[in-house]
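Reading through the structure tokens given below for one structure.
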Amino acid sequence: MVAENILKLKQEISQKAELVIVSKTRTLQEITEAYNTGHKLFAENRVQNLLERYEALPKDIAWHIIGHLQTNKVKFIAPFIGLIQSVDSLKLLEEINKQAEKCNRKINCLLQIYIAQEDTKFGLSETECMDLLHSFEFQTMQNIQVVGLMGMASNTNDTAIVQSEFEGLKSFFQTVKTEINLPNFNILSMGMSGDYHLAIECGSNMVRVGSKIFE
Ligand SMILES: *Cc1c(COP(=O)(O)O)cnc(C)c1O
């Protein structure tokens, strides 16, 4: 089932977006089943679970973190994390930079932008994002690279709302790309099980899908 779902999904989104399989809440066995299809890109939303899985599973998996990240946990994932999709403050970015330096590496990050109408979601406003990118602190960081933006739309069946949120993020992505000189600023991560079609239509090039694969 898992293998079929992955194949189907990859055919659907082919060329247009990269698939990140969200493995949170799944068993090691389920993740292994997905891995055995040849897929190597997985995401977790909690550091503790990520560490357990990183230890237990093959080392050629590229792990992303997609949940709110506390500064005091950055050090645990800094040695191996492939992409931190949920950067929502300058303070967090500074800590990532510091820990990356200790590991002698550069860590790729997405800035998470708040686009939903709910107030339960983390993320920066567009203004906060611009302020961060223009700050002296940001410009002097050597061990992080901001390679794009991530956003989560409102959890609603009203596709008009979801569409306008995705379009808004796409347009902001273009603004950042034009106004700020960031090498490799190319990733627009939006879309989950319920809304990845729409997200891709609105310009997403990275989707984060969990339940649709493991259902
Ligand atoms: C859980 C989660 C997903 C995947 O959600 P599904 O609906 O299971 O596809 C994507 N992005 C984030 C940030 C998540 O927390």
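Residues in the structure tokens are named by chain (A, B, ... in the order shown) and by number from 1 within that chain; ligands are numbered from 1 in the order shown.
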- Task: Excluding segment 191-197 of chain A and any residue of its chain fewer than 3 positions from it, enumerate the residues within 12 Å of it, using only C-alpha atoms, and give them as a VMD selection string.
- Result: chain A and resid 5 9 to 10 12 to 14 16 to 22 66 150 to 163 165 to 167 169 188 200 to 215
- Message: Let me make sure I understand: among A:Val74, A:Leu83, A:Leu57, A:Ile113, which one has the smallest atom-to-atom distance to Lys98 of chain A if we use only C-alpha atoms?
- Response: A:Val74
- DSSP strand (DSSP E or B) selection over segment 20-180 of chain A, as a ChimeraX atom specification: /A:20-22,41-44,62-65,83-87,107-114,124,144-152
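Minimum distance to ligand 1 across A:Ala34, A:Ala78, A:Leu69, A:Ala56 (counting only C-alpha atoms and all ligand atoms) occurs at A:Leu69.
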- DSSP says alpha helix (DSSP H) for which residues of segment 57-175 of chain A? Put them as a ChimeraX atom specification? /A:74-77,90-102,126-134,136-139,159-175
Filtering to N, CA and C atoms, could you give me those residues as a compact mmCIF listing (two decimals), in the first residue's frame?
# COMPACT_ATOMS: atom_id res chain seq x y z
N VAL A 74 18.60 22.59 19.07
CA VAL A 74 19.29 22.68 17.78
C VAL A 74 20.57 21.84 17.77
N LYS A 75 21.28 21.86 18.90
CA LYS A 75 22.58 21.17 18.96
C LYS A 75 22.48 19.66 18.67
N PHE A 76 21.32 19.08 18.97
CA PHE A 76 21.18 17.64 18.77
C PHE A 76 21.05 17.25 17.30
N ILE A 77 20.50 18.15 16.51
CA ILE A 77 20.27 17.81 15.09
C ILE A 77 21.30 18.44 14.15
N LEU A 90 14.89 35.16 14.35
CA LEU A 90 16.31 35.45 14.17
C LEU A 90 17.13 34.73 15.24
N LYS A 91 16.57 34.67 16.44
CA LYS A 91 17.25 34.01 17.56
C LYS A 91 17.52 32.54 17.23
N LEU A 92 16.53 31.89 16.65
CA LEU A 92 16.70 30.48 16.27
C LEU A 92 17.75 30.35 15.17
N LEU A 93 17.71 31.24 14.23
CA LEU A 93 18.67 31.19 13.13
C LEU A 93 20.10 31.40 13.65
N GLU A 94 20.24 32.27 14.63
CA GLU A 94 21.56 32.52 15.23
C GLU A 94 22.08 31.26 15.93
N GLU A 95 21.18 30.56 16.59
CA GLU A 95 21.57 29.32 17.28
C GLU A 95 21.95 28.24 16.25
N ILE A 96 21.20 28.16 15.18
CA ILE A 96 21.52 27.19 14.12
C ILE A 96 22.89 27.50 13.54
N ASN A 97 23.14 28.79 13.31
CA ASN A 97 24.43 29.21 12.78
C ASN A 97 25.57 28.81 13.71
N LYS A 98 25.34 29.02 15.01
CA LYS A 98 26.36 28.72 16.01
C LYS A 98 26.66 27.21 16.06
N GLN A 99 25.59 26.42 16.07
CA GLN A 99 25.78 24.97 16.17
C GLN A 99 26.36 24.41 14.86
N ALA A 100 25.99 24.98 13.76
CA ALA A 100 26.52 24.54 12.46
C ALA A 100 28.01 24.80 12.39
N GLU A 101 28.41 25.94 12.94
CA GLU A 101 29.83 26.29 12.97
C GLU A 101 30.61 25.27 13.78
N LYS A 102 30.04 24.87 14.92
CA LYS A 102 30.70 23.85 15.76
C LYS A 102 30.88 22.54 15.01
N GLU A 126 5.36 38.63 6.87
CA GLU A 126 6.21 39.07 5.76
C GLU A 126 7.15 40.18 6.22
N THR A 127 6.64 41.08 7.03
CA THR A 127 7.47 42.18 7.52
C THR A 127 8.61 41.65 8.41
N GLU A 128 8.26 40.74 9.31
CA GLU A 128 9.30 40.17 10.18
C GLU A 128 10.36 39.44 9.36
N CYS A 129 9.92 38.76 8.32
CA CYS A 129 10.85 38.04 7.45
C CYS A 129 11.81 39.00 6.76
N MET A 130 11.27 40.08 6.23
CA MET A 130 12.11 41.08 5.56
C MET A 130 13.09 41.72 6.55
N ASP A 131 12.58 42.03 7.75
CA ASP A 131 13.46 42.63 8.76
C ASP A 131 14.61 41.69 9.10
N LEU A 132 14.28 40.41 9.23
CA LEU A 132 15.31 39.41 9.53
C LEU A 132 16.37 39.39 8.42
N LEU A 133 15.90 39.34 7.16
CA LEU A 133 16.84 39.23 6.04
C LEU A 133 17.69 40.48 5.86
N HIS A 134 17.16 41.62 6.30
CA HIS A 134 17.92 42.86 6.18
C HIS A 134 18.82 43.12 7.39
N PHE A 136 21.69 43.11 10.23
CA PHE A 136 23.14 42.95 10.23
C PHE A 136 23.51 41.54 10.71
N GLU A 137 22.81 41.09 11.75
CA GLU A 137 23.09 39.76 12.30
C GLU A 137 22.97 38.68 11.22
N PHE A 138 21.89 38.77 10.46
CA PHE A 138 21.69 37.76 9.42
C PHE A 138 22.81 37.82 8.39
N GLN A 139 23.14 39.02 8.01
CA GLN A 139 24.11 39.16 6.92
C GLN A 139 25.52 38.70 7.30
N THR A 159 -11.56 26.16 -0.45
CA THR A 159 -10.35 26.20 -1.27
C THR A 159 -9.99 27.62 -1.70
N ALA A 160 -10.96 28.51 -1.73
CA ALA A 160 -10.65 29.89 -2.11
C ALA A 160 -9.70 30.52 -1.09
N ILE A 161 -9.92 30.21 0.18
CA ILE A 161 -9.04 30.74 1.23
C ILE A 161 -7.64 30.14 1.09
N VAL A 162 -7.60 28.80 0.96
CA VAL A 162 -6.31 28.12 0.84
C VAL A 162 -5.55 28.63 -0.38
N GLN A 163 -6.26 28.75 -1.49
CA GLN A 163 -5.62 29.24 -2.72
C GLN A 163 -5.04 30.64 -2.54
N SER A 164 -5.79 31.52 -1.92
CA SER A 164 -5.28 32.89 -1.78
C SER A 164 -4.08 32.91 -0.83
N GLU A 165 -4.05 32.02 0.16
CA GLU A 165 -2.89 31.97 1.05
C GLU A 165 -1.65 31.47 0.30
N PHE A 166 -1.83 30.42 -0.49
CA PHE A 166 -0.70 29.90 -1.29
C PHE A 166 -0.22 30.93 -2.30
N GLU A 167 -1.15 31.59 -2.98
CA GLU A 167 -0.76 32.59 -3.97
C GLU A 167 -0.02 33.75 -3.31
N GLY A 168 -0.48 34.11 -2.11
CA GLY A 168 0.19 35.18 -1.38
C GLY A 168 1.62 34.81 -1.05
N LEU A 169 1.84 33.56 -0.65
CA LEU A 169 3.20 33.13 -0.29
C LEU A 169 4.08 33.05 -1.54
N LYS A 170 3.50 32.58 -2.63
CA LYS A 170 4.26 32.52 -3.88
C LYS A 170 4.72 33.92 -4.29
N SER A 171 3.81 34.87 -4.16
CA SER A 171 4.15 36.22 -4.56
C SER A 171 5.21 36.84 -3.63
N PHE A 172 5.11 36.53 -2.35
CA PHE A 172 6.12 37.01 -1.41
C PHE A 172 7.48 36.36 -1.68
N PHE A 173 7.44 35.08 -2.04
CA PHE A 173 8.66 34.35 -2.40
C PHE A 173 9.38 35.07 -3.55
N GLN A 174 8.60 35.48 -4.55
CA GLN A 174 9.18 36.19 -5.70
C GLN A 174 9.76 37.54 -5.28
N THR A 175 9.06 38.21 -4.37
CA THR A 175 9.55 39.50 -3.88
C THR A 175 10.91 39.33 -3.19
- Message: Need to verify the contact set: Ile61 of chain A, 9 Å, only C-alpha atoms, exclusion of same-chain residues closer than 6 positions in sequence. Can you return it as a ChimeraX atom specification?
- Response: /A:35,39-42,54
Prev. selection, C-alpha atoms, output as a compact mmCIF listing (two decimals), in the first residue's frame:
# COMPACT_ATOMS: atom_id res chain seq x y z
CA TYR A 35 12.46 3.84 2.23
CA HIS A 39 12.77 7.30 -1.39
CA LYS A 40 15.35 9.08 0.76
CA LEU A 41 13.73 12.29 1.86
CA PHE A 42 11.77 12.27 5.14
CA TYR A 54 17.95 8.93 12.65
- Work out how far apart atom CA of Val47 of chain A and atom CA of Ala3 of chain A are and give it in Å to one decimal. 26.1 Å
- Query: Separation of atom CA of Lys8 of chain A and atom CA of Glu44 of chain A, in Å?
  - Reply: 22.1 Å
- One decimal, Å: what's the distance from atom CA of Leu51 of chain A over to atom CA of Leu110 of chain A, could you say? 20.2 Å
